[in-house]
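Undergrad: Sharing target_37.txt (compact mmCIF, C-alpha atoms and all ligand atoms) below.
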```txt
# COMPACT_ATOMS: atom_id res chain seq x y z
CA MET A 170 59.62 -54.14 51.71
CA LEU A 171 59.03 -54.52 55.46
CA LYS A 172 57.65 -57.87 56.56
CA ARG A 173 54.41 -57.16 58.34
CA LYS A 174 54.00 -57.93 62.03
CA TYR A 175 50.71 -57.73 63.91
CA LEU A 176 49.84 -55.53 66.87
CA HIS A 177 47.59 -58.25 68.27
CA GLU A 178 50.58 -60.57 68.54
CA ILE A 179 52.58 -58.32 70.86
CA SER A 180 51.73 -57.05 74.33
CA TRP A 181 51.46 -53.30 74.87
CA ASN A 182 54.49 -53.30 77.15
CA ASP A 183 56.64 -55.12 74.61
CA PHE A 184 55.47 -52.87 71.78
CA ASN A 185 55.97 -49.74 73.84
CA ALA A 186 59.55 -50.81 74.65
CA LEU A 187 60.52 -51.01 70.95
CA SER A 188 62.45 -48.21 69.26
CA PRO A 189 60.46 -46.17 66.70
CA LEU A 190 62.30 -48.01 63.91
CA GLU A 191 61.43 -51.41 65.41
CA LYS A 192 57.77 -50.37 65.54
CA ALA A 193 57.63 -49.85 61.76
CA PRO A 194 56.72 -53.46 60.76
CA TYR A 195 53.68 -53.31 63.06
CA LEU A 196 52.32 -50.23 61.30
CA VAL A 197 52.21 -51.38 57.66
CA GLN A 198 49.68 -53.38 55.68
CA ALA A 199 50.57 -56.66 53.96
CA ASN A 200 50.98 -54.74 50.67
CA GLY A 201 53.52 -52.35 52.22
CA ARG A 202 51.18 -49.37 52.45
CA PRO A 203 51.02 -47.59 55.82
CA TYR A 204 48.14 -48.56 58.12
CA HIS A 205 48.58 -46.70 61.41
CA VAL A 206 50.72 -43.57 61.08
CA LEU A 207 52.41 -43.09 64.43
CA VAL A 208 56.11 -42.25 64.05
CA ALA A 209 58.24 -40.62 61.35
CA GLN A 210 60.68 -43.55 61.43
CA GLN A 211 58.06 -45.91 59.98
CA PHE A 212 58.53 -44.39 56.52
CA ASP A 213 61.36 -45.12 54.13
CA ARG A 214 62.74 -43.22 51.16
CA GLU A 215 60.72 -45.22 48.65
CA ARG A 216 57.44 -44.49 50.45
CA LEU A 217 58.33 -40.79 50.82
CA ASP A 218 58.96 -40.51 47.08
CA MET A 219 55.68 -42.30 46.34
CA LEU A 220 53.72 -40.00 48.64
CA CYS A 221 55.31 -36.84 47.23
CA ASP A 222 54.62 -37.95 43.63
CA LEU A 223 51.04 -38.82 44.53
CA ALA A 224 50.51 -35.46 46.25
CA THR A 225 51.67 -33.67 43.10
CA ARG A 226 49.35 -35.77 40.93
CA ILE A 227 46.41 -35.08 43.24
CA ARG A 228 47.00 -31.32 43.16
CA THR A 229 47.03 -31.45 39.35
CA ILE A 230 43.87 -33.58 39.21
CA ALA A 231 42.14 -31.19 41.64
CA LYS A 232 42.51 -28.31 39.20
CA SER A 233 39.50 -29.41 37.15
CA ARG A 234 35.90 -30.03 38.14
CA MET A 235 36.02 -33.46 36.53
CA GLY A 236 39.15 -34.27 38.53
CA LEU A 237 37.56 -33.05 41.76
CA ASN A 238 34.56 -35.26 41.13
CA PHE A 239 36.84 -38.23 40.49
CA LEU A 240 38.67 -37.63 43.79
CA ALA A 241 35.47 -37.04 45.77
CA ASP A 242 34.10 -40.40 44.70
CA LEU A 243 37.13 -42.42 45.81
CA LEU A 244 36.32 -42.73 49.51
CA CYS A 245 32.76 -41.44 49.75
CA HIS A 246 31.83 -44.59 51.67
CA LYS A 247 34.28 -43.82 54.50
CA HIS A 248 33.90 -41.84 57.72
CA ALA A 249 36.76 -40.24 59.65
CA MET A 250 36.95 -38.87 63.17
CA LEU A 251 39.12 -35.86 63.94
CA ASP A 252 39.91 -36.12 67.65
CA PHE A 253 41.95 -33.05 68.58
CA SER A 254 42.45 -32.52 72.30
CA GLN A 255 45.17 -29.90 71.79
CA PRO A 256 44.90 -26.56 69.96
CA SER A 257 45.31 -26.72 66.18
CA SER A 258 44.38 -24.62 63.15
CA ARG A 259 46.49 -25.79 60.21
CA THR A 260 46.79 -29.49 60.97
CA PHE A 261 43.11 -29.80 61.78
CA LEU A 262 41.98 -27.90 58.69
CA SER A 263 44.40 -29.62 56.38
CA PHE A 264 43.24 -33.08 57.47
CA TYR A 265 39.67 -31.82 57.22
CA SER A 266 40.24 -30.58 53.66
CA ALA A 267 42.19 -33.71 52.71
CA CYS A 268 39.23 -35.87 53.78
CA GLN A 269 36.84 -33.61 51.88
CA TYR A 270 38.85 -33.91 48.65
CA LEU A 271 38.50 -37.69 48.91
CA GLY A 272 34.80 -37.57 49.73
CA ILE A 273 35.31 -38.89 53.28
CA ARG A 274 32.62 -37.81 55.75
CA ILE A 275 34.05 -36.21 58.87
CA ALA A 276 33.11 -35.76 62.51
CA GLU A 277 35.16 -33.93 65.12
CA VAL A 278 35.75 -33.65 68.84
CA ARG A 279 37.94 -30.69 69.72
CA ASP A 280 36.98 -30.13 73.30
CA SER A 281 36.72 -33.00 75.77
CA SER A 282 34.43 -30.86 77.97
CA THR A 283 31.65 -31.64 75.46
CA SER A 284 32.27 -35.41 75.53
CA SER A 285 31.40 -38.16 77.99
CA GLU A 286 34.88 -37.79 79.46
CA MET A 287 33.17 -35.16 81.61
CA LYS A 288 31.04 -38.00 83.01
CA GLY A 289 34.19 -39.88 83.94
CA GLU A 290 34.70 -41.94 80.78
CA SER A 291 38.34 -42.79 80.14
CA ARG A 292 40.09 -41.55 76.99
CA GLU A 293 40.52 -45.22 76.02
CA ASP A 294 36.78 -45.85 76.19
CA SER A 295 36.03 -42.65 74.24
CA VAL A 296 38.39 -43.69 71.45
CA ARG A 297 36.91 -47.17 71.40
CA THR A 298 33.49 -45.60 71.01
CA PHE A 299 34.73 -43.68 67.95
CA SER A 300 35.79 -46.96 66.38
CA SER A 301 32.15 -48.08 66.39
CA TYR A 302 31.21 -45.28 64.00
CA PHE A 303 34.30 -44.51 61.93
CA ASP A 304 36.82 -46.01 59.52
CA MET A 305 39.79 -43.90 60.60
CA ILE A 306 40.77 -41.75 63.58
CA ILE A 307 43.06 -38.74 63.23
CA MET A 308 44.27 -37.80 66.65
CA ARG A 309 46.19 -34.96 68.30
CA THR A 310 46.99 -35.19 72.00
CA PRO A 311 49.34 -33.64 74.56
CA LEU A 312 50.06 -37.12 75.93
CA GLN A 313 53.22 -38.68 74.59
CA GLY A 314 52.60 -42.30 73.59
CA PHE A 315 48.80 -42.02 73.79
CA VAL A 316 48.18 -42.32 70.03
CA GLU A 317 50.37 -45.44 69.98
CA LYS A 318 48.50 -46.89 72.91
CA MET A 319 45.19 -46.29 71.13
CA ALA A 320 46.48 -47.86 67.90
CA TRP A 321 47.52 -50.94 69.87
CA THR A 322 44.19 -51.02 71.76
CA ILE A 323 42.06 -50.65 68.61
CA SER A 324 44.09 -53.32 66.82
CA ASN A 325 43.20 -55.69 69.64
CA THR A 326 39.43 -55.25 69.20
CA ASP A 327 37.10 -56.78 66.64
CA ARG A 328 36.88 -53.40 64.87
CA PRO A 329 40.45 -52.40 64.08
CA LEU A 330 40.90 -49.19 62.09
CA PRO A 331 43.83 -46.96 61.13
CA ILE A 332 44.91 -44.21 63.51
CA ILE A 333 46.92 -41.22 62.36
CA ASN A 334 49.08 -39.26 64.76
CA ALA A 335 48.43 -35.54 64.13
CA GLY A 336 50.89 -34.49 66.85
CA SER A 337 51.58 -36.28 70.13
CA GLY A 338 53.15 -34.63 73.15
CA LYS A 339 56.64 -33.23 72.69
CA ASP A 340 57.63 -36.28 70.75
CA GLN A 341 56.26 -36.90 67.25
CA HIS A 342 54.45 -35.12 64.44
CA PRO A 343 54.94 -37.53 61.53
CA THR A 344 52.58 -35.91 59.01
CA GLN A 345 54.16 -32.49 59.58
CA ALA A 346 57.48 -34.15 58.73
CA LEU A 347 55.92 -35.49 55.52
CA LEU A 348 54.79 -32.03 54.45
CA ASP A 349 58.16 -30.55 55.37
CA ILE A 350 59.91 -33.15 53.20
CA TYR A 351 57.47 -32.47 50.37
CA THR A 352 58.13 -28.73 50.66
CA LEU A 353 61.92 -29.21 50.71
CA GLN A 354 61.75 -31.57 47.76
CA ARG A 355 59.72 -29.08 45.72
CA SER A 356 61.95 -26.19 46.78
CA PHE A 357 65.08 -27.98 45.57
CA GLU A 358 63.50 -29.55 42.49
CA ARG A 359 65.57 -27.43 40.12
CA ASN A 360 68.56 -27.34 42.40
CA GLY A 361 69.74 -30.94 42.68
CA GLY A 362 67.05 -32.27 45.04
CA LEU A 363 67.40 -32.79 48.78
CA ALA A 364 70.67 -34.73 48.62
CA HIS A 365 73.79 -32.91 49.90
CA LYS A 366 71.75 -30.14 51.51
CA CYS A 367 72.34 -28.53 54.90
CA ILE A 368 69.26 -27.98 57.07
CA LEU A 369 69.55 -25.47 59.92
CA PHE A 370 67.01 -25.91 62.75
CA CYS A 371 66.48 -23.03 65.16
CA GLY A 372 64.37 -22.30 68.24
CA ASP A 373 62.84 -24.61 70.83
CA LEU A 374 64.38 -27.86 69.62
CA ALA A 375 64.00 -29.57 73.00
CA ARG A 376 60.20 -29.46 73.01
CA GLY A 377 59.29 -29.04 69.35
CA ARG A 378 57.97 -32.33 67.95
CA THR A 379 58.18 -31.19 64.31
CA VAL A 380 61.98 -30.97 64.36
CA ARG A 381 62.29 -34.34 66.04
CA SER A 382 60.18 -36.04 63.36
CA LEU A 383 61.67 -34.19 60.38
CA SER A 384 65.29 -34.82 61.43
CA GLN A 385 64.54 -38.55 61.22
CA LEU A 386 63.13 -38.40 57.68
CA LEU A 387 66.07 -36.32 56.47
CA THR A 388 68.42 -39.21 57.24
CA PHE A 389 67.10 -40.98 54.10
CA TYR A 390 68.75 -38.46 51.77
CA PRO A 391 72.40 -38.87 50.75
CA ASP A 392 75.00 -36.61 52.28
CA ILE A 393 72.49 -34.49 54.18
CA SER A 394 73.79 -32.43 57.09
CA MET A 395 72.00 -30.68 59.94
CA ILE A 396 72.76 -27.79 62.27
CA PHE A 397 70.82 -27.42 65.53
CA ALA A 398 70.94 -23.81 66.79
CA ALA A 399 69.40 -23.11 70.20
CA PRO A 400 70.27 -21.92 73.69
CA ASP A 401 71.51 -24.82 75.81
CA HIS A 402 68.25 -25.35 77.70
CA LEU A 403 66.26 -25.65 74.43
CA GLN A 404 68.75 -27.76 72.49
CA ILE A 405 67.78 -30.93 70.60
CA GLY A 406 67.47 -34.17 72.62
CA GLN A 407 70.35 -36.60 72.93
CA ASP A 408 68.11 -39.41 71.62
CA ILE A 409 67.85 -37.61 68.27
CA LEU A 410 71.61 -37.02 68.13
CA ASP A 411 72.20 -40.70 68.93
CA SER A 412 69.93 -41.72 66.06
CA LEU A 413 71.82 -39.37 63.71
CA ASP A 414 75.12 -40.89 64.86
CA ALA A 415 73.74 -44.36 64.17
CA ALA A 416 72.76 -43.24 60.66
CA HIS A 417 76.22 -41.62 60.11
CA ILE A 418 74.70 -38.20 59.54
CA HIS A 419 76.91 -35.16 59.86
CA TYR A 420 75.51 -32.60 62.32
CA GLU A 421 76.55 -29.60 64.38
CA VAL A 422 75.08 -28.35 67.65
CA THR A 423 75.56 -24.63 68.26
CA ARG A 424 74.38 -21.58 70.20
CA ASN A 425 75.28 -19.30 67.32
CA PHE A 426 72.31 -19.23 64.95
CA LYS A 427 73.35 -16.11 63.04
CA ALA A 428 76.77 -17.54 62.14
CA ALA A 429 75.12 -20.68 60.76
CA ILE A 430 72.68 -18.94 58.36
CA PRO A 431 75.12 -18.59 55.40
CA LYS A 432 75.86 -22.36 55.55
CA ALA A 433 72.18 -23.36 55.30
CA ASP A 434 70.25 -24.52 52.26
CA ALA A 435 67.11 -24.50 54.41
CA VAL A 436 66.45 -22.65 57.66
CA TYR A 437 63.71 -24.28 59.75
CA MET A 438 62.46 -21.87 62.42
CA THR A 439 60.30 -22.88 65.40
CA ARG A 440 58.50 -21.04 68.18
CA ILE A 441 59.06 -21.38 71.93
CA GLN A 442 56.79 -24.23 73.08
CA ASP A 443 55.85 -22.48 76.32
CA GLU A 444 52.79 -24.66 76.87
CA TRP A 445 55.30 -27.14 78.33
CA ASP A 446 56.83 -24.68 80.83
CA ALA A 447 57.06 -26.16 84.32
CA LYS A 448 56.19 -22.72 85.75
CA PRO A 449 53.86 -20.71 83.47
CA GLY A 450 55.78 -17.98 81.67
CA GLU A 451 59.28 -19.15 82.63
CA SER A 452 60.38 -19.29 78.94
CA HIS A 453 59.68 -15.58 78.56
CA HIS A 454 62.60 -14.59 80.79
CA PHE A 455 64.97 -15.66 78.04
CA ASN A 456 65.61 -13.21 75.21
CA MET A 457 65.23 -15.09 71.91
CA ASP A 458 66.35 -12.21 69.63
CA ASP A 459 69.48 -14.15 68.68
CA TYR A 460 67.25 -17.02 67.58
CA SER A 461 65.01 -14.99 65.27
CA PHE A 462 65.23 -14.55 61.52
CA THR A 463 64.98 -10.89 60.48
CA GLY A 464 64.90 -8.97 57.21
CA ALA A 465 68.65 -8.28 57.61
CA ASP A 466 69.35 -12.03 57.71
CA LEU A 467 67.94 -12.33 54.17
CA ASN A 468 71.16 -10.65 52.98
CA VAL A 469 73.36 -13.50 54.20
CA LEU A 470 70.99 -16.32 53.30
CA GLY A 471 71.97 -18.22 50.13
CA ARG A 472 70.30 -17.20 46.87
CA ASN A 473 68.74 -20.67 46.44
CA SER A 474 68.10 -21.33 50.13
CA VAL A 475 64.64 -21.43 51.71
CA ILE A 476 63.02 -20.56 55.04
CA LEU A 477 60.49 -22.93 56.60
CA HIS A 478 58.34 -22.80 59.72
CA PRO A 479 55.68 -25.32 60.82
CA LEU A 480 53.65 -22.33 62.12
CA PRO A 481 52.16 -20.82 64.21
CA ARG A 482 54.85 -18.15 64.31
CA ARG A 483 55.38 -15.50 66.90
CA GLN A 484 58.36 -13.17 66.48
CA GLU A 485 60.91 -15.74 65.29
CA ILE A 486 60.50 -14.71 61.64
CA SER A 487 59.83 -11.03 61.03
CA THR A 488 56.95 -10.33 58.67
CA ASP A 489 59.21 -8.37 56.31
CA CYS A 490 60.58 -11.77 55.18
CA ASP A 491 57.14 -12.92 54.00
CA SER A 492 57.34 -11.47 50.49
CA ASP A 493 60.84 -12.86 49.82
CA PRO A 494 60.63 -15.77 47.33
CA ARG A 495 62.82 -17.85 49.67
CA ALA A 496 60.14 -17.77 52.39
CA VAL A 497 58.17 -20.97 51.75
CA TYR A 498 56.24 -21.31 55.02
CA TRP A 499 52.88 -20.39 53.48
CA ARG A 500 53.47 -22.89 50.68
CA GLN A 501 54.20 -25.45 53.40
CA VAL A 502 50.63 -25.05 54.67
CA ARG A 503 49.10 -25.88 51.28
CA ASN A 504 51.58 -28.71 50.67
CA GLY A 505 50.37 -30.22 53.95
CA MET A 506 46.87 -30.58 52.59
CA TRP A 507 48.06 -32.38 49.44
CA ILE A 508 50.46 -34.77 51.15
CA ARG A 509 47.79 -35.66 53.74
CA THR A 510 45.34 -36.33 50.92
CA ALA A 511 47.97 -38.60 49.35
CA LEU A 512 48.59 -40.35 52.66
CA ILE A 513 44.92 -41.07 53.36
CA ALA A 514 44.32 -42.24 49.79
CA THR A 515 47.30 -44.60 50.16
CA ILE A 516 46.13 -45.98 53.51
CA PHE A 517 42.81 -46.89 51.86
CA GLY A 518 44.56 -48.35 48.78
CA ARG A 519 43.42 -45.74 46.21
CA ASP A 520 46.89 -44.55 45.19
CA GLN A 521 47.17 -46.63 42.00
CA GLU A 522 43.73 -45.55 40.83
CA ILE A 523 44.75 -41.91 41.23
CA THR A 524 47.99 -42.48 39.33
CA HIS A 525 46.09 -44.24 36.55
CA TYR A 526 43.62 -41.33 36.28
CA TYR A 527 46.50 -38.86 36.22
CA MET A 528 48.31 -40.77 33.45
CA MET A 529 45.15 -41.05 31.34
CA ASN A 530 44.33 -37.35 31.64
CA ASN A 531 47.78 -35.77 31.54
CA LYS A 532 49.47 -37.40 28.56
C1 LIG B 601 53.24 -27.52 65.28
C2 LIG B 601 52.77 -28.47 66.36
O1 LIG B 601 51.60 -28.47 66.72
O2 LIG B 601 53.62 -29.20 66.82
N1 LIG B 601 52.19 -26.91 64.60
C3 LIG B 601 51.67 -27.54 63.50
O3 LIG B 601 51.17 -28.64 63.59
N2 LIG B 601 51.82 -26.94 62.32
C4 LIG B 601 54.25 -26.54 65.74
C5 LIG B 601 53.91 -25.64 66.86
O4 LIG B 601 52.83 -25.68 67.44
O5 LIG B 601 54.80 -24.84 67.20
```
As structure tokens - that is how I would like this structure written.
TA:
Amino acid sequence: MLKRKYLHEISWNDFNALSPLEKAPYLVQANGRPYHVLVAQQFDRERLDMLCDLATRIRTIAKSRMGLNFLADLLCHKHAMLDFSQPSSRTFLSFYSACQYLGIRIAEVRDSSTSSEMKGESREDSVRTFSSYFDMIIMRTPLQGFVEKMAWTISNTDRPLPIINAGSGKDQHPTQALLDIYTLQRSFERNGGLAHKCILFCGDLARGRTVRSLSQLLTFYPDISMIFAAPDHLQIGQDILDSLDAAHIHYEVTRNFKAAIPKADAVYMTRIQDEWDAKPGESHHFNMDDYSFTGADLNVLGRNSVILHPLPRRQEISTDCDSDPRAVYWRQVRNGMWIRTALIATIFGRDQEITHYYMMNNK
């Protein structure tokens, strides 16, 4: 178990200079449970397995009215703030539903034009205001590093509270990585688990935060390999490749997506992240047909392989794939709600109570 370190014992500059892995001890509680959730690298294999098991127990418990009532009582004394200053449908709603399952009361800010930021208040002051009313902040922002800065700031006040990163800049989306792992684990449950599998990533790998976070969690599984398929200007960052080298992970970087499909146990498609274009629309000059998954590609995809997508999708997976049993991207959405419920329950220390209830009622 990680030995806990405290965010009030390190300056922001020193904390900010640490690698994501070095930040991990500052983000856990004394009992090893996560406190702030900021980067994918803060999790380890043991915690991933615990969260996936808990998510599965919760979804079983939630099948009955009695179970739903049990869950809804667990955190009915807590309030959470959903602070989303970037567009979101799935992540927002899945956190919203996760809180509701646990009885947490929720407030939201989705548009800073309705907040005092319009009167000149800084984002820091707005977030500090939230901490006066709430027990947890779930935050999505276009600013890389901002969620970390807020976690550090809040931890240095007399009202510290956990902050969850629901997507920050082009860099991290740790809870999406959790739901992707949960989906992969469930997909390969009867097929040897995630070990020894080959994951093929395709699309805008340079600016897609989901791939960056997921590739880090995959390193925990034995003999995993990864293929990154993208045109040169959208290829995965060197920092990710360096971290894979350090973890002795086998990977391949290629422009040829179609040739890689038969080798993949999982194909992870992503959209062009054109909101980051330096000149609006510049991404659209590039034809992405070679980086799309079509009905014809189903014929060369392995019988037990699966297709994932964090969504939203544009044309990178044609809709005629949707009814194929190997297309698991809609299941991914629902898995996200359960793993986020498990994560929040764990942060507030209710995981053992849930497991106990599950054992008592599912003998
Ligand atoms: C992703 C995101 O916001 O990074 N969406 C999501 O959270 N499911 C992927 C994307 O927007 O392309």
Undergrad: Please report, as CSV, each residue of chain A lying at most 8 Å from ligand LIG 601 (chain B), together with the nearest pair of atoms and the separation in Å rounded to one decimal; use only C-alpha atoms and all ligand atoms, and order rows by chain and ascending residue number.
TA:
```
residue,atom,partner,partner_atom,distance
A:Pro256,CA,B:LIG601,O1,7.7
A:Ser257,CA,B:LIG601,O1,6.6
A:Ser258,CA,B:LIG601,N2,7.8
A:Arg259,CA,B:LIG601,N2,5.8
A:Thr260,CA,B:LIG601,O3,5.2
A:Ala335,CA,B:LIG601,O3,7.4
A:Gly336,CA,B:LIG601,O2,6.0
A:Lys339,CA,B:LIG601,O2,7.7
A:His342,CA,B:LIG601,O2,6.4
A:Gln345,CA,B:LIG601,O3,6.3
A:Gly377,CA,B:LIG601,O2,6.2
A:Arg378,CA,B:LIG601,O2,5.5
A:Thr379,CA,B:LIG601,O2,5.6
A:Thr439,CA,B:LIG601,O5,6.1
A:Arg440,CA,B:LIG601,O5,5.4
A:Ile441,CA,B:LIG601,O5,7.2
A:Gln442,CA,B:LIG601,O5,6.2
A:Pro479,CA,B:LIG601,N2,4.4
A:Leu480,CA,B:LIG601,N2,5.0
A:Pro481,CA,B:LIG601,O5,5.7
A:Arg482,CA,B:LIG601,O5,7.3
A:Val502,CA,B:LIG601,N2,8.0
```
Undergrad: If you count all atoms listed in the file, which residues fall within 9 Å of Pro343 in chain A, apart from same-chain ones fewer than 3 positions away, as a ChimeraX atom specification?
TA: /A:206-210,333-336,346-348,378-379,382-383
Undergrad: Counting all atoms listed in the file, which of A:Arg519, A:Arg216, A:His248, A:Lys432 gets nearest to Met395 in chain A?
TA: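 When distances to Met395 in chain A are compared using all atoms listed in the file, the smallest one comes from A:Lys432.
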Undergrad: Hey, can you check how far CA of His402 in chain A sits from CA of Tyr437 in chain A?
TA: 18.5 Å
Undergrad: Determine, counting only C-alpha atoms, which protein, DNA and RNA residues have an atom within 10 Å of an atom of Gln407 in chain A; residues of the same chain fewer than 5 positions away are not included. Present the result as a VMD selection string.
TA: chain A and resid 375 412 to 413
Undergrad: Which polymer residues have any atom within 12 Å of an atom of range 293-298 of chain A, counting all atoms listed in the file, with same-chain residues fewer than 4 positions away left out, as a compact mmCIF listing (two decimals) with C-alpha atoms, keeping the file's coordinate frame?
TA:
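Writing done, so here's selection-v9.txt:
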```
# COMPACT_ATOMS: atom_id res chain seq x y z
CA MET A 250 36.95 -38.87 63.17
CA LEU A 251 39.12 -35.86 63.94
CA ASP A 252 39.91 -36.12 67.65
CA PHE A 253 41.95 -33.05 68.58
CA SER A 254 42.45 -32.52 72.30
CA VAL A 278 35.75 -33.65 68.84
CA SER A 281 36.72 -33.00 75.77
CA THR A 283 31.65 -31.64 75.46
CA SER A 284 32.27 -35.41 75.53
CA SER A 285 31.40 -38.16 77.99
CA GLU A 286 34.88 -37.79 79.46
CA MET A 287 33.17 -35.16 81.61
CA LYS A 288 31.04 -38.00 83.01
CA GLY A 289 34.19 -39.88 83.94
CA TYR A 302 31.21 -45.28 64.00
CA PHE A 303 34.30 -44.51 61.93
CA ASP A 304 36.82 -46.01 59.52
CA MET A 305 39.79 -43.90 60.60
CA ILE A 306 40.77 -41.75 63.58
CA ILE A 307 43.06 -38.74 63.23
CA MET A 308 44.27 -37.80 66.65
CA PHE A 315 48.80 -42.02 73.79
CA VAL A 316 48.18 -42.32 70.03
CA GLU A 317 50.37 -45.44 69.98
CA LYS A 318 48.50 -46.89 72.91
CA MET A 319 45.19 -46.29 71.13
CA ALA A 320 46.48 -47.86 67.90
CA TRP A 321 47.52 -50.94 69.87
CA THR A 322 44.19 -51.02 71.76
CA ILE A 323 42.06 -50.65 68.61
CA SER A 324 44.09 -53.32 66.82
CA ASN A 325 43.20 -55.69 69.64
CA THR A 326 39.43 -55.25 69.20
CA ASP A 327 37.10 -56.78 66.64
CA ARG A 328 36.88 -53.40 64.87
CA PRO A 329 40.45 -52.40 64.08
CA LEU A 330 40.90 -49.19 62.09
CA ILE A 332 44.91 -44.21 63.51
```
Undergrad: Start from the incomplete input, build all heavy atoms for range 506-512 of chain A, and deliver everything as a compact mmCIF listing (two decimals), keeping the file's coordinate frame.
TA:
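Saved result, part13.txt, follows:
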```
# COMPACT_ATOMS: atom_id res chain seq x y z
N MET A 506 48.17 -30.04 52.98
CA MET A 506 46.87 -30.58 52.59
C MET A 506 47.03 -31.65 51.52
O MET A 506 46.40 -32.71 51.58
CB MET A 506 46.01 -29.43 52.07
CG MET A 506 44.64 -29.82 51.66
SD MET A 506 43.75 -28.36 51.15
CE MET A 506 44.51 -27.99 49.57
N TRP A 507 47.92 -31.42 50.54
CA TRP A 507 48.06 -32.38 49.44
C TRP A 507 48.75 -33.66 49.90
O TRP A 507 48.37 -34.76 49.49
CB TRP A 507 48.82 -31.75 48.27
CG TRP A 507 48.10 -30.58 47.68
CD1 TRP A 507 48.60 -29.31 47.52
CD2 TRP A 507 46.76 -30.54 47.15
NE1 TRP A 507 47.65 -28.50 46.95
CE2 TRP A 507 46.52 -29.22 46.71
CE3 TRP A 507 45.74 -31.48 47.03
CZ2 TRP A 507 45.31 -28.83 46.15
CZ3 TRP A 507 44.53 -31.09 46.47
CH2 TRP A 507 44.32 -29.79 46.04
N ILE A 508 49.75 -33.54 50.74
CA ILE A 508 50.46 -34.77 51.15
C ILE A 508 49.56 -35.58 52.09
O ILE A 508 49.60 -36.81 52.09
CB ILE A 508 51.84 -34.46 51.79
CG1 ILE A 508 52.73 -35.70 51.77
CG2 ILE A 508 51.75 -33.94 53.19
CD1 ILE A 508 53.61 -35.86 50.60
N ARG A 509 48.72 -34.91 52.87
CA ARG A 509 47.79 -35.66 53.74
C ARG A 509 46.71 -36.33 52.91
O ARG A 509 46.28 -37.44 53.23
CB ARG A 509 47.21 -34.73 54.82
CG ARG A 509 48.26 -34.39 55.86
CD ARG A 509 47.77 -33.42 56.91
NE ARG A 509 48.77 -33.29 57.96
CZ ARG A 509 49.29 -32.11 58.36
NH1 ARG A 509 48.90 -30.98 57.83
NH2 ARG A 509 50.19 -32.09 59.33
N THR A 510 46.29 -35.68 51.83
CA THR A 510 45.34 -36.33 50.92
C THR A 510 45.99 -37.59 50.34
O THR A 510 45.38 -38.66 50.29
CB THR A 510 44.92 -35.37 49.78
OG1 THR A 510 44.53 -34.13 50.35
CG2 THR A 510 43.77 -35.93 48.97
N ALA A 511 47.25 -37.45 49.92
CA ALA A 511 47.97 -38.60 49.35
C ALA A 511 48.11 -39.72 50.38
O ALA A 511 47.94 -40.90 50.07
CB ALA A 511 49.35 -38.15 48.86
N LEU A 512 48.41 -39.35 51.60
CA LEU A 512 48.59 -40.35 52.66
C LEU A 512 47.30 -41.13 52.93
O LEU A 512 47.30 -42.37 52.98
CB LEU A 512 49.06 -39.65 53.94
CG LEU A 512 49.25 -40.54 55.16
CD1 LEU A 512 50.42 -41.51 54.95
CD2 LEU A 512 49.49 -39.71 56.43
```
